[in-house]
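Student: Dropping in my_file27.pdb, with PDB, C-alpha atoms.
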```pdb
ATOM      1  CA  MET A   1       0.000   0.000   0.000
ATOM      2  CA  ALA A   2       1.480   3.354  -1.006
ATOM      3  CA  VAL A   3       2.273   5.759   1.801
ATOM      4  CA  VAL A   4       0.319   8.533   0.039
ATOM      5  CA  ASP A   5      -3.461   8.107   0.526
ATOM      6  CA  VAL A   6      -2.914   5.394   3.154
ATOM      7  CA  ASP A   7      -5.275   7.058   5.666
ATOM      8  CA  ALA A   8      -8.078   7.457   3.131
ATOM      9  CA  GLU A   9      -7.639   3.885   1.865
ATOM     10  CA  LEU A  10      -7.670   2.432   5.374
ATOM     11  CA  ALA A  11     -10.783   4.424   6.266
ATOM     12  CA  ALA A  12     -12.554   3.206   3.119
ATOM     13  CA  LEU A  13     -11.583  -0.422   3.745
ATOM     14  CA  PHE A  14     -12.713  -0.150   7.359
ATOM     15  CA  GLY A  15     -16.086   1.132   6.207
ATOM     16  CA  GLU A  16     -16.475  -1.945   4.009
ATOM     17  CA  ALA A  17     -15.565  -4.353   6.806
ATOM     18  CA  GLY A  18     -18.922  -4.320   8.618
ATOM     19  CA  GLY A  19     -21.511  -2.126  10.252
ATOM     20  CA  GLU A  20     -21.600  -0.507  13.675
ATOM     21  CA  SER A  21     -22.998  -3.727  15.179
ATOM     22  CA  VAL A  22     -19.636  -5.466  14.535
ATOM     23  CA  PRO A  23     -16.985  -4.767  17.213
ATOM     24  CA  ALA A  24     -14.331  -2.377  15.941
ATOM     25  CA  TYR A  25     -11.421  -4.782  16.550
ATOM     26  CA  GLU A  26     -13.232  -7.453  14.484
ATOM     27  CA  ARG A  27     -13.656  -4.975  11.628
ATOM     28  CA  VAL A  28      -9.941  -4.179  11.753
ATOM     29  CA  LYS A  29      -9.146  -7.894  11.682
ATOM     30  CA  LYS A  30     -11.457  -8.388   8.716
ATOM     31  CA  LEU A  31      -9.889  -5.435   6.894
ATOM     32  CA  VAL A  32      -6.366  -6.854   7.283
ATOM     33  CA  ALA A  33      -7.342 -10.472   6.590
ATOM     34  CA  GLU A  34      -9.203  -9.588   3.388
ATOM     35  CA  GLN A  35      -6.245  -7.604   2.034
ATOM     36  CA  ILE A  36      -3.947 -10.567   2.709
ATOM     37  CA  ARG A  37      -6.270 -13.241   1.335
ATOM     38  CA  SER A  38      -6.986 -11.210  -1.796
ATOM     39  CA  GLY A  39      -3.237 -10.964  -2.448
ATOM     40  CA  ARG A  40      -3.203  -7.172  -2.244
ATOM     41  CA  TRP A  41      -0.907  -7.433   0.757
ATOM     42  CA  SER A  42       1.596 -10.197  -0.033
ATOM     43  CA  GLU A  43       3.880 -12.368   2.063
ATOM     44  CA  GLY A  44       6.572 -10.188   3.626
ATOM     45  CA  ASP A  45       4.775  -6.868   2.961
ATOM     46  CA  GLN A  46       4.866  -4.394   5.833
ATOM     47  CA  LEU A  47       1.478  -3.351   7.205
ATOM     48  CA  PRO A  48       0.609   0.190   8.238
ATOM     49  CA  SER A  49       1.839   0.956  11.748
ATOM     50  CA  GLU A  50      -0.387   1.046  14.822
ATOM     51  CA  ASN A  51      -0.140   4.839  14.720
ATOM     52  CA  GLN A  52      -1.362   4.856  11.115
ATOM     53  CA  PHE A  53      -4.318   2.632  11.977
ATOM     54  CA  VAL A  54      -5.197   4.786  14.987
ATOM     55  CA  GLY A  55      -4.981   8.027  13.015
ATOM     56  CA  ALA A  56      -6.814   6.768   9.925
ATOM     57  CA  LEU A  57      -9.641   4.924  11.699
ATOM     58  CA  GLY A  58     -10.107   7.096  14.784
ATOM     59  CA  LEU A  59      -9.894   4.049  17.068
ATOM     60  CA  SER A  60      -8.015   3.555  20.317
ATOM     61  CA  ARG A  61      -4.551   1.997  20.364
ATOM     62  CA  MET A  62      -5.978  -0.758  22.588
ATOM     63  CA  THR A  63      -8.481  -1.707  19.858
ATOM     64  CA  ILE A  64      -5.830  -1.774  17.137
ATOM     65  CA  ASN A  65      -3.417  -3.705  19.345
ATOM     66  CA  ARG A  66      -6.043  -6.348  20.110
ATOM     67  CA  ALA A  67      -6.806  -6.844  16.420
ATOM     68  CA  LEU A  68      -3.150  -7.170  15.465
ATOM     69  CA  ARG A  69      -2.409  -9.419  18.439
ATOM     70  CA  GLU A  70      -5.201 -11.815  17.477
ATOM     71  CA  LEU A  71      -4.121 -11.828  13.824
ATOM     72  CA  THR A  72      -0.609 -12.713  15.006
ATOM     73  CA  GLY A  73      -1.997 -15.620  17.028
ATOM     74  CA  GLU A  74      -3.888 -16.814  13.943
ATOM     75  CA  GLY A  75      -0.669 -16.814  11.929
ATOM     76  CA  LEU A  76      -1.649 -14.176   9.360
ATOM     77  CA  ILE A  77       0.859 -11.539  10.441
ATOM     78  CA  VAL A  78       4.200 -11.339  12.244
ATOM     79  CA  ARG A  79       5.102  -8.495  14.582
ATOM     80  CA  MET A  80       8.807  -7.721  15.065
ATOM     81  CA  MET A  81       9.678  -5.510  17.997
ATOM     82  CA  GLY A  82      11.127  -2.188  16.910
ATOM     83  CA  ILE A  83      10.768  -3.079  13.216
ATOM     84  CA  GLY A  84       7.109  -3.366  12.277
ATOM     85  CA  THR A  85       4.253  -5.706  11.354
ATOM     86  CA  PHE A  86       4.459  -7.928   8.275
ATOM     87  CA  VAL A  87       2.323 -10.389   6.346
ATOM     88  CA  ALA A  88       3.378 -13.826   7.587
ATOM     89  CA  SER A  89       4.908 -16.398   5.308
ATOM     90  CA  THR A  90       3.359 -19.809   4.898
ATOM     91  CA  LYS A  91       4.263 -21.817   7.999
ATOM     92  CA  THR A  92       7.391 -23.874   7.538
ATOM     93  CA  PRO A  93       7.045 -27.579   8.352
ATOM     94  CA  SER A  94       9.296 -29.368  10.839
ATOM     95  CA  PRO A  95       9.359 -33.162  11.125
ATOM     96  CA  LEU A  96       7.558 -34.560  14.143
ATOM     97  CA  PHE A  97       8.877 -38.128  14.092
ATOM     98  CA  GLU A  98      12.442 -37.496  12.888
ATOM     99  CA  VAL A  99      15.588 -35.844  14.199
ATOM    100  CA  LYS A 100      16.781 -33.802  11.225
ATOM    101  CA  ASN A 101      19.406 -31.145  10.715
ATOM    102  CA  ILE A 102      17.560 -27.814  10.591
ATOM    103  CA  ALA A 103      20.038 -26.486   8.015
ATOM    104  CA  ASP A 104      19.117 -29.352   5.668
ATOM    105  CA  GLU A 105      15.383 -28.738   6.199
ATOM    106  CA  ILE A 106      15.722 -25.066   5.279
ATOM    107  CA  GLN A 107      17.912 -25.731   2.247
ATOM    108  CA  GLU A 108      15.473 -28.393   1.007
ATOM    109  CA  ARG A 109      12.794 -25.690   0.993
ATOM    110  CA  GLY A 110      15.019 -23.570  -1.240
ATOM    111  CA  HIS A 111      15.937 -21.048   1.457
ATOM    112  CA  ARG A 112      19.122 -19.930   3.165
ATOM    113  CA  HIS A 113      20.098 -21.071   6.664
ATOM    114  CA  ARG A 114      22.324 -19.182   9.044
ATOM    115  CA  THR A 115      23.024 -19.367  12.755
ATOM    116  CA  GLU A 116      23.745 -16.782  15.408
ATOM    117  CA  VAL A 117      25.550 -18.115  18.483
ATOM    118  CA  VAL A 118      24.376 -16.642  21.791
ATOM    119  CA  PHE A 119      26.888 -18.668  23.827
ATOM    120  CA  VAL A 120      28.688 -22.031  24.050
ATOM    121  CA  ARG A 121      30.203 -22.840  27.442
ATOM    122  CA  GLU A 122      30.835 -25.390  30.186
ATOM    123  CA  GLU A 123      28.571 -25.312  33.245
ATOM    124  CA  GLU A 124      27.908 -27.271  36.388
ATOM    125  CA  THR A 125      24.696 -29.292  36.391
ATOM    126  CA  ASP A 126      22.188 -28.152  39.002
ATOM    127  CA  HIS A 127      19.385 -29.808  40.962
ATOM    128  CA  SER A 128      16.810 -29.059  38.249
ATOM    129  CA  GLN A 129      18.907 -31.214  35.917
ATOM    130  CA  ALA A 130      19.016 -34.328  38.087
ATOM    131  CA  PHE A 131      18.552 -36.629  35.101
ATOM    132  CA  LEU A 132      21.637 -35.046  33.533
ATOM    133  CA  ARG A 133      23.712 -35.264  36.699
ATOM    134  CA  ASP A 134      22.906 -38.976  36.955
ATOM    135  CA  ALA A 135      23.708 -39.632  33.277
ATOM    136  CA  VAL A 136      26.424 -37.072  32.587
ATOM    137  CA  GLY A 137      28.096 -35.994  35.812
ATOM    138  CA  ALA A 138      28.828 -32.662  37.433
ATOM    139  CA  LYS A 139      29.790 -30.809  34.253
ATOM    140  CA  VAL A 140      27.816 -30.221  31.073
ATOM    141  CA  PHE A 141      28.322 -28.253  27.853
ATOM    142  CA  HIS A 142      25.596 -25.668  27.241
ATOM    143  CA  SER A 143      24.857 -23.853  23.990
ATOM    144  CA  VAL A 144      22.150 -21.414  22.905
ATOM    145  CA  LEU A 145      21.806 -20.693  19.176
ATOM    146  CA  VAL A 146      19.281 -18.900  16.968
ATOM    147  CA  HIS A 147      18.520 -20.468  13.585
ATOM    148  CA  PHE A 148      17.403 -18.207  10.721
ATOM    149  CA  GLU A 149      15.550 -19.023   7.516
ATOM    150  CA  ASP A 150      16.753 -16.319   5.153
ATOM    151  CA  ASP A 151      16.643 -13.328   7.544
ATOM    152  CA  LYS A 152      13.831 -14.525   9.786
ATOM    153  CA  PRO A 153      14.551 -16.285  13.136
ATOM    154  CA  ILE A 154      12.586 -19.545  13.289
ATOM    155  CA  GLN A 155      14.138 -21.479  16.184
ATOM    156  CA  VAL A 156      16.005 -20.956  19.452
ATOM    157  CA  GLU A 157      18.043 -24.070  20.213
ATOM    158  CA  ASP A 158      18.951 -24.402  23.910
ATOM    159  CA  ARG A 159      21.064 -27.559  24.238
ATOM    160  CA  LEU A 160      22.893 -29.387  27.033
ATOM    161  CA  VAL A 161      25.540 -31.873  25.902
ATOM    162  CA  ASN A 162      27.344 -34.742  27.635
ATOM    163  CA  PRO A 163      31.095 -33.899  27.537
ATOM    164  CA  SER A 164      32.104 -37.558  27.485
ATOM    165  CA  GLU A 165      30.080 -38.106  24.291
ATOM    166  CA  ALA A 166      31.255 -34.945  22.525
ATOM    167  CA  PRO A 167      34.506 -33.781  24.153
ATOM    168  CA  ASP A 168      35.312 -31.205  21.446
ATOM    169  CA  TYR A 169      31.857 -29.575  21.460
ATOM    170  CA  LEU A 170      33.133 -26.239  22.799
ATOM    171  CA  ASP A 171      35.675 -25.972  19.980
ATOM    172  CA  GLN A 172      33.144 -26.144  17.135
ATOM    173  CA  ASP A 173      32.170 -23.178  14.965
ATOM    174  CA  PHE A 174      28.381 -23.412  15.028
ATOM    175  CA  THR A 175      28.031 -20.670  12.437
ATOM    176  CA  THR A 176      29.338 -23.158   9.843
ATOM    177  CA  ILE A 177      27.907 -26.444  11.167
ATOM    178  CA  THR A 178      24.949 -27.213  13.421
ATOM    179  CA  PRO A 179      25.123 -29.075  16.735
ATOM    180  CA  ASN A 180      22.958 -31.781  15.133
ATOM    181  CA  ASP A 181      25.503 -32.239  12.348
ATOM    182  CA  TYR A 182      28.442 -32.432  14.750
ATOM    183  CA  LEU A 183      26.746 -34.732  17.282
ATOM    184  CA  SER A 184      25.478 -37.074  14.548
ATOM    185  CA  ARG A 185      29.084 -37.616  13.474
ATOM    186  CA  VAL A 186      30.759 -38.070  16.864
ATOM    187  CA  ALA A 187      27.924 -39.844  18.732
ATOM    188  CA  PRO A 188      25.497 -41.428  16.219
ATOM    189  CA  LEU A 189      21.894 -41.525  17.403
ATOM    190  CA  VAL A 190      20.434 -44.891  18.409
ATOM    191  CA  ARG A 191      17.458 -43.651  20.446
ATOM    192  CA  GLY A 192      15.550 -40.445  20.973
ATOM    193  CA  GLU A 193      12.511 -39.068  22.734
ATOM    194  CA  HIS A 194      10.679 -35.791  22.547
ATOM    195  CA  VAL A 195       7.735 -33.932  24.009
ATOM    196  CA  VAL A 196       5.838 -31.193  22.156
ATOM    197  CA  GLU A 197       4.134 -28.357  24.044
ATOM    198  CA  ALA A 198       2.435 -25.040  23.334
ATOM    199  CA  VAL A 199       4.152 -22.355  25.439
ATOM    200  CA  LEU A 200       4.883 -18.673  25.764
ATOM    201  CA  ALA A 201       8.542 -17.902  25.260
ATOM    202  CA  SER A 202      10.639 -16.181  27.897
ATOM    203  CA  PRO A 203      11.364 -12.456  27.437
ATOM    204  CA  GLU A 204      14.879 -13.289  26.222
ATOM    205  CA  GLU A 205      13.572 -15.891  23.754
ATOM    206  CA  CYS A 206      11.021 -13.360  22.449
ATOM    207  CA  ARG A 207      13.875 -10.923  21.869
ATOM    208  CA  LEU A 208      15.939 -13.540  20.020
ATOM    209  CA  LEU A 209      12.965 -14.628  17.889
ATOM    210  CA  GLN A 210      11.828 -11.013  17.299
ATOM    211  CA  ILE A 211       8.262 -11.754  18.425
ATOM    212  CA  ASP A 212       5.785 -10.155  20.813
ATOM    213  CA  ARG A 213       5.542 -11.488  24.358
ATOM    214  CA  GLY A 214       2.035 -12.869  23.783
ATOM    215  CA  GLU A 215       2.777 -14.922  20.657
ATOM    216  CA  PRO A 216       2.207 -18.680  21.173
ATOM    217  CA  CYS A 217       5.201 -20.894  20.471
ATOM    218  CA  LEU A 218       5.845 -24.563  19.765
ATOM    219  CA  LEU A 219       8.344 -26.159  22.130
ATOM    220  CA  ILE A 220      10.063 -29.488  21.483
ATOM    221  CA  ARG A 221      11.965 -31.022  24.401
ATOM    222  CA  ARG A 222      14.267 -33.644  22.903
ATOM    223  CA  ARG A 223      16.765 -36.110  24.377
ATOM    224  CA  THR A 224      19.030 -38.336  22.303
ATOM    225  CA  TRP A 225      21.226 -41.323  23.116
ATOM    226  CA  SER A 226      24.158 -43.031  21.425
ATOM    227  CA  GLU A 227      25.054 -46.655  22.074
ATOM    228  CA  HIS A 228      27.138 -45.428  25.031
ATOM    229  CA  GLY A 229      24.589 -43.234  26.791
ATOM    230  CA  LEU A 230      22.804 -39.887  26.857
ATOM    231  CA  VAL A 231      24.263 -37.441  24.327
ATOM    232  CA  SER A 232      22.184 -34.297  24.685
ATOM    233  CA  ALA A 233      18.995 -32.707  25.960
ATOM    234  CA  ALA A 234      17.636 -29.882  23.815
ATOM    235  CA  ARG A 235      14.897 -27.306  24.178
ATOM    236  CA  LEU A 236      13.809 -26.155  20.695
ATOM    237  CA  ILE A 237      11.370 -23.254  20.601
ATOM    238  CA  HIS A 238       9.626 -22.001  17.446
ATOM    239  CA  PRO A 239       7.237 -19.055  16.870
ATOM    240  CA  GLY A 240       3.800 -20.579  16.313
ATOM    241  CA  SER A 241       3.064 -18.193  13.441
ATOM    242  CA  ARG A 242       6.101 -19.392  11.466
ATOM    243  CA  ASN A 243       6.171 -23.153  12.028
ATOM    244  CA  ARG A 244       4.072 -26.270  12.012
ATOM    245  CA  LEU A 245       4.944 -29.848  12.946
ATOM    246  CA  GLU A 246       4.071 -32.657  10.593
ATOM    247  CA  GLY A 247       4.715 -36.375  10.381
ATOM    248  CA  ALA A 248       3.464 -39.687   9.133
ATOM    249  CA  PHE A 249       3.258 -43.151  10.581
ATOM    250  CA  ASN A 250       2.489 -46.705   9.477
ATOM    251  CA  ARG A 251       0.580 -49.316  11.322
TER
END
```
Hey, can you dump this file as structure tokens for me?
Tutor:
Amino acid sequence: MAVVDVDAELAALFGEAGGESVPAYERVKKLVAEQIRSGRWSEGDQLPSENQFVGALGLSRMTINRALRELTGEGLIVRMMGIGTFVASTKTPSPLFEVKNIADEIQERGHRHRTEVVFVREEETDHSQAFLRDAVGAKVFHSVLVHFEDDKPIQVEDRLVNPSEAPDYLDQDFTTITPNDYLSRVAPLVRGEHVVEAVLASPEECRLLQIDRGEPCLLIRRRTWSEHGLVSAARLIHPGSRNRLEGAFNR
């Protein structure tokens, strides 16, 4: 939508979105959804700002915020703190019954993968990690990475690793290889388990994923074993508006 005439266009579209009997936030939602579904606002396009909506429609910021928040939860738009609001891309699928390298998944979809490393370090296991202390010992390697598809963050990977299974973990450059790639080579997987939950990310995870605090996320808690023992325990968190889990099974 061109910047010039944006207020008049928004006002006209709002007038077409329902009568006075329809709550204002629902009319705003309908306005945005119809522009997206018609293709007028395409994947990746930036929406007018909250201030533009408020000024053009004469509604309160609370009303506009509610509409945009609900559209985010429905996966139609993505809100990036300090940047703006954009039409969401089609949700990217992640395998539910497999342990795959996220870089391979992204490249198979024809997109570019990159990683930002938050930290990689050695830590002492604590009482909340009793299962790790029993299986690993007093020390554990801990890494937090953010995986990007093109320029959009799609996963925070928070991983604890058994030093005896991957002694050189701290020396790896995880901007060029993924932990999955490295661990698959040094401690091949023989067994795995995971749990999938719907959660709200922590404030720090929201910052890393560039999402609003209220956006629902998909969390996978995954543990993997080699023939010698527990290799790693990972917490993989994905923005719900950008990902879906899919899988197949046979009888």
Student: With all atoms listed in the file as the counted atoms, please give the residues lying no more than 12 Å from Thr176 in chain A, apart from itself and same-chain residues fewer than 2 positions off, as a list in words.
Tutor: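 Answer for this query is Ala103, His113, Arg114, Thr115, Glu116, Val117, His147, Gln172, Asp173, Phe174, Thr178, Pro179, Asn180, Asp181 and Tyr182 of chain A.
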Student: Tell me, as a list in words, which residues lie within 10 Å of Gly84 in chain A, counting only C-alpha atoms; anything in the same chain fewer than 2 positions away does not count.
Tutor: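 Answer for this query is Gln46, Leu47, Pro48, Ser49, Glu50, Val78, Arg79, Met80, Met81, Gly82 and Phe86 of chain A.
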Student: Using all atoms listed in the file, collect all residues at a distance of at most 12 Å from (-10.9, -3.6, 9.9) as written in the file, then present them as a VMD selection string.
Tutor: chain A and resid 9 to 20 22 to 35 53 to 54 56 to 59 63 to 64 66 to 68 71
Student: Do you have the CA of Asn162 in chain A-CA of Leu200 in chain A distance handy?
Tutor: 27.7 Å
Student: Figure out the distance between CA of Ile83 in chain A and CA of Ile220 in chain A, please, to one decimal in Å.
Tutor: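 Taking CA of Ile220 in chain A as the start and CA of Ile83 in chain A as the end point, the length is 27.7 Å.
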